[in-house]
Amino acid sequence: MTHFGDLGSLKQLPGLAIQRLMEKGYGFGAEGDWKTAAMVRLMKIMTQGMKDAKGTSFMEDYTYNLAPGKEGILQAHMLEVCPTVADGKISIKEQPLSMGDREDPARLVFTSKTGPAVAVSLIDLGDRFRLIINDVNCKKVEKPMPKLPVATAFWTPEPNLRTGAEAWILAGGAHHTAFSYDLTSEQMGDWAACMGIEAVFIDKDTTIRQFRNELLWNSVAYRK
């Protein structure tokens with residue numbers, strides 16, 4: 001689907017169906033985001049059969065908590081987050097949705113697990129791809145959000161929100177990501193190297209001065 005007003009014979013947006021398909025290993029990227037869909041599928045293949053896997057999903061930067069000492073990014077989407085990342089009870093809720101002019105869609109609602117994870121964004125620079133790899137730390141949300149009836153995660157990017165967000169913007173990162181508790185930045189970097197794709201890392205050691213220089217050097221190294 002590329003337009004919420006062109007849903008054909010669908011009676012509602014198929015959010016629940018998409019969540020179940022991701023749970024089975026399919027890739028998904030909202031609003032026609034094929035690159036993120038491809039990365040979600042790839043990362044699910046990479047983690048298939050992994051013992052004690054905590055989950056892999058499509059995610060979206062939803063809003064920011066800028067309160068000092070509590071900084072982080074709330075991850076959500078209006079319907080489609082994979083239940084493999086859920087922590088605890090999962091419920092099914094039917095709630096109104098203003099987009100699409102259809103029946104109120106059902107969706108799985110839950111909060112995601114805590115702990116370290118990796119979020120990646122594959123972007124198209126015209127003459128090459130760049131894979132942006134960010135280590136993140138998922139935390140519990142401080143308060144219930146009853147007026148946000150969707151699946152959520154809450155994380156702080158490494159090395160902190162201020163530097164992580166600035167580096168993400170400088171690299172051209174999208175608001176959609178492929179996200180996994182079960183893969184490392186090193187593994188994602190190895191995949192990018194195998195594919196001949198530029199990879200940039202945002203982690204605990206990142207500084208903006210160093211990161212700007214790295215982007216500049218890469219623009220020369222990957223020039224065609």
# chains A, B, ... in the order shown; residues from 1 in each chain; ligands from 1

call {"tool": "select_by_dssp", "arguments": {"residues": "range 97-188 of chain A", "states": "helix (DSSP H, G or I)", "output": "list of chain:residue names"}}
result
A:Leu161, A:Arg162, A:Thr163, A:Gly164, A:Ala165, A:Glu166, A:Ala167, A:Trp168, A:Ile169, A:Leu170, A:Ala171, A:Ser185, A:Glu186, A:Gln187, A:Met188

call {"tool": "residues_around", "arguments": {"residues": "Met195 in chain A", "least_positions_apart": "3", "cutoff": "12 Å", "atoms": "only C-alpha atoms", "output": "VMD selection string"}}
result
chain A and resid 128 to 131 188 to 192 198 to 199

call {"tool": "write_last_selection", "arguments": {"atoms": "N, CA and C atoms", "output": "mmCIF file, in the first residue's frame"}}
result
data_model
loop_
_atom_site.group_PDB
_atom_site.id
_atom_site.type_symbol
_atom_site.label_atom_id
_atom_site.label_comp_id
_atom_site.auth_asym_id
_atom_site.auth_seq_id
_atom_site.Cartn_x
_atom_site.Cartn_y
_atom_site.Cartn_z
ATOM 1 N N ARG A 128 25.164 4.842 -4.460
ATOM 2 C CA ARG A 128 25.517 3.729 -3.575
ATOM 3 C C ARG A 128 24.524 3.694 -2.413
ATOM 4 N N PHE A 129 24.586 2.586 -1.682
ATOM 5 C CA PHE A 129 23.820 2.472 -0.449
ATOM 6 C C PHE A 129 24.731 2.737 0.746
ATOM 7 N N ARG A 130 24.106 3.167 1.838
ATOM 8 C CA ARG A 130 24.812 3.310 3.118
ATOM 9 C C ARG A 130 23.982 2.619 4.193
ATOM 10 N N LEU A 131 24.628 1.801 5.006
ATOM 11 C CA LEU A 131 23.962 1.166 6.137
ATOM 12 C C LEU A 131 24.393 1.888 7.412
ATOM 13 N N MET A 188 26.218 -6.799 11.608
ATOM 14 C CA MET A 188 25.615 -6.007 10.541
ATOM 15 C C MET A 188 26.693 -5.362 9.676
ATOM 16 N N GLY A 189 27.797 -4.950 10.298
ATOM 17 C CA GLY A 189 28.903 -4.410 9.525
ATOM 18 C C GLY A 189 29.547 -5.454 8.625
ATOM 19 N N ASP A 190 29.640 -6.694 9.116
ATOM 20 C CA ASP A 190 30.177 -7.778 8.289
ATOM 21 C C ASP A 190 29.297 -8.012 7.065
ATOM 22 N N TRP A 191 27.976 -7.979 7.275
ATOM 23 C CA TRP A 191 27.068 -8.161 6.131
ATOM 24 C C TRP A 191 27.268 -7.045 5.110
ATOM 25 N N ALA A 192 27.365 -5.801 5.580
ATOM 26 C CA ALA A 192 27.565 -4.678 4.664
ATOM 27 C C ALA A 192 28.865 -4.844 3.880
ATOM 28 N N GLU A 198 28.723 0.709 2.016
ATOM 29 C CA GLU A 198 29.279 1.553 3.069
ATOM 30 C C GLU A 198 28.519 1.323 4.373
ATOM 31 N N ALA A 199 29.232 1.200 5.470
ATOM 32 C CA ALA A 199 28.610 1.069 6.785
ATOM 33 C C ALA A 199 29.203 2.114 7.722
#

call {"tool": "closest_residue", "arguments": {"among": "A:Arg107, A:Lys143, A:Lys51, A:Lys70", "to": "Trp155 in chain A", "atoms": "only C-alpha atoms"}}
result
A:Lys70

call {"tool": "closest_atom_pairs", "arguments": {"of": "range 105-136 of chain A", "to": "range 87-92 of chain A", "cutoff": "6 Å", "atoms": "only C-alpha atoms", "output": "JSON lines"}}
result
{"residue": "A:Arg107", "atom": "CA", "partner": "A:Ile92", "partner_atom": "CA", "distance": 5.5}
{"residue": "A:Leu108", "atom": "CA", "partner": "A:Ile92", "partner_atom": "CA", "distance": 4.6}
{"residue": "A:Val109", "atom": "CA", "partner": "A:Ser91", "partner_atom": "CA", "distance": 5.3}
{"residue": "A:Phe110", "atom": "CA", "partner": "A:Ile90", "partner_atom": "CA", "distance": 5.1}
{"residue": "A:Thr111", "atom": "CA", "partner": "A:Asp87", "partner_atom": "CA", "distance": 5.9}
{"residue": "A:Ser112", "atom": "CA", "partner": "A:Asp87", "partner_atom": "CA", "distance": 5.0}
{"residue": "A:Lys113", "atom": "CA", "partner": "A:Asp87", "partner_atom": "CA", "distance": 4.7}

call {"tool": "residues_around", "arguments": {"residues": "range 55-58 of chain A", "least_positions_apart": "3", "cutoff": "6 Å", "atoms": "only C-alpha atoms", "output": "list in words"}}
result
Val81, Cys82, Thr84, Val85, Ala178, Phe179, Ser180 and Tyr181 of chain A

call {"tool": "write_last_selection", "arguments": {"atoms": "C-alpha atoms", "output": "mmCIF file, in the first residue's frame"}}
result
data_model
loop_
_atom_site.group_PDB
_atom_site.id
_atom_site.type_symbol
_atom_site.label_atom_id
_atom_site.label_comp_id
_atom_site.auth_asym_id
_atom_site.auth_seq_id
_atom_site.Cartn_x
_atom_site.Cartn_y
_atom_site.Cartn_z
ATOM 1 C CA VAL A 81 5.375 -3.859 15.278
ATOM 2 C CA CYS A 82 6.390 -7.527 15.408
ATOM 3 C CA THR A 84 8.534 -11.315 18.756
ATOM 4 C CA VAL A 85 9.956 -8.310 20.634
ATOM 5 C CA ALA A 178 15.095 -2.615 11.240
ATOM 6 C CA PHE A 179 15.685 -3.539 14.857
ATOM 7 C CA SER A 180 16.967 -6.632 16.652
ATOM 8 C CA TYR A 181 17.939 -7.704 20.152
#

call {"tool": "closest_residue", "arguments": {"among": "A:Met78, A:Gln19, A:Phe154, A:Phe28", "to": "Met99 in chain A", "atoms": "only C-alpha atoms"}}
result
A:Met78

call {"tool": "closest_atom_pairs", "arguments": {"of": "range 52-142 of chain A", "to": "range 160-169 of chain A", "cutoff": "10 Å", "atoms": "only C-alpha atoms", "output": "Markdown table"}}
result
| residue | atom | partner | partner_atom | distance |
| --- | --- | --- | --- | --- |
| A:Tyr64 | CA | A:Leu161 | CA | 9.3 |
| A:Asn65 | CA | A:Leu161 | CA | 9.4 |
| A:Leu66 | CA | A:Leu161 | CA | 8.6 |
| A:Lys70 | CA | A:Leu161 | CA | 9.8 |
| A:Glu71 | CA | A:Leu161 | CA | 6.3 |
| A:Gly72 | CA | A:Leu161 | CA | 6.2 |
| A:Ile73 | CA | A:Leu161 | CA | 8.0 |
| A:Ser121 | CA | A:Trp168 | CA | 9.3 |
| A:Ile132 | CA | A:Trp168 | CA | 7.6 |
| A:Ile133 | CA | A:Trp168 | CA | 9.0 |
| A:Asn134 | CA | A:Gly164 | CA | 7.9 |
| A:Asp135 | CA | A:Gly164 | CA | 9.2 |
| A:Val136 | CA | A:Asn160 | CA | 9.1 |
| A:Asn137 | CA | A:Asn160 | CA | 9.8 |

call {"tool": "residues_around", "arguments": {"residues": "Asp33 in chain A", "least_positions_apart": "6", "cutoff": "12 Å", "atoms": "only C-alpha atoms", "output": "PyMOL selection string"}}
result
chain A and resi 1-2+27+39-40+58-60+121-124+174-178

call {"tool": "closest_residue", "arguments": {"among": "A:Leu16, A:Leu183, A:Ala30, A:Ala67", "to": "Val120 in chain A", "atoms": "only C-alpha atoms"}}
result
A:Leu183

call {"tool": "residues_around", "arguments": {"residues": "Leu215 in chain A", "least_positions_apart": "5", "cutoff": "9 Å", "atoms": "only C-alpha atoms", "output": "VMD selection string"}}
result
chain A and resid 170 to 171 200 210 220
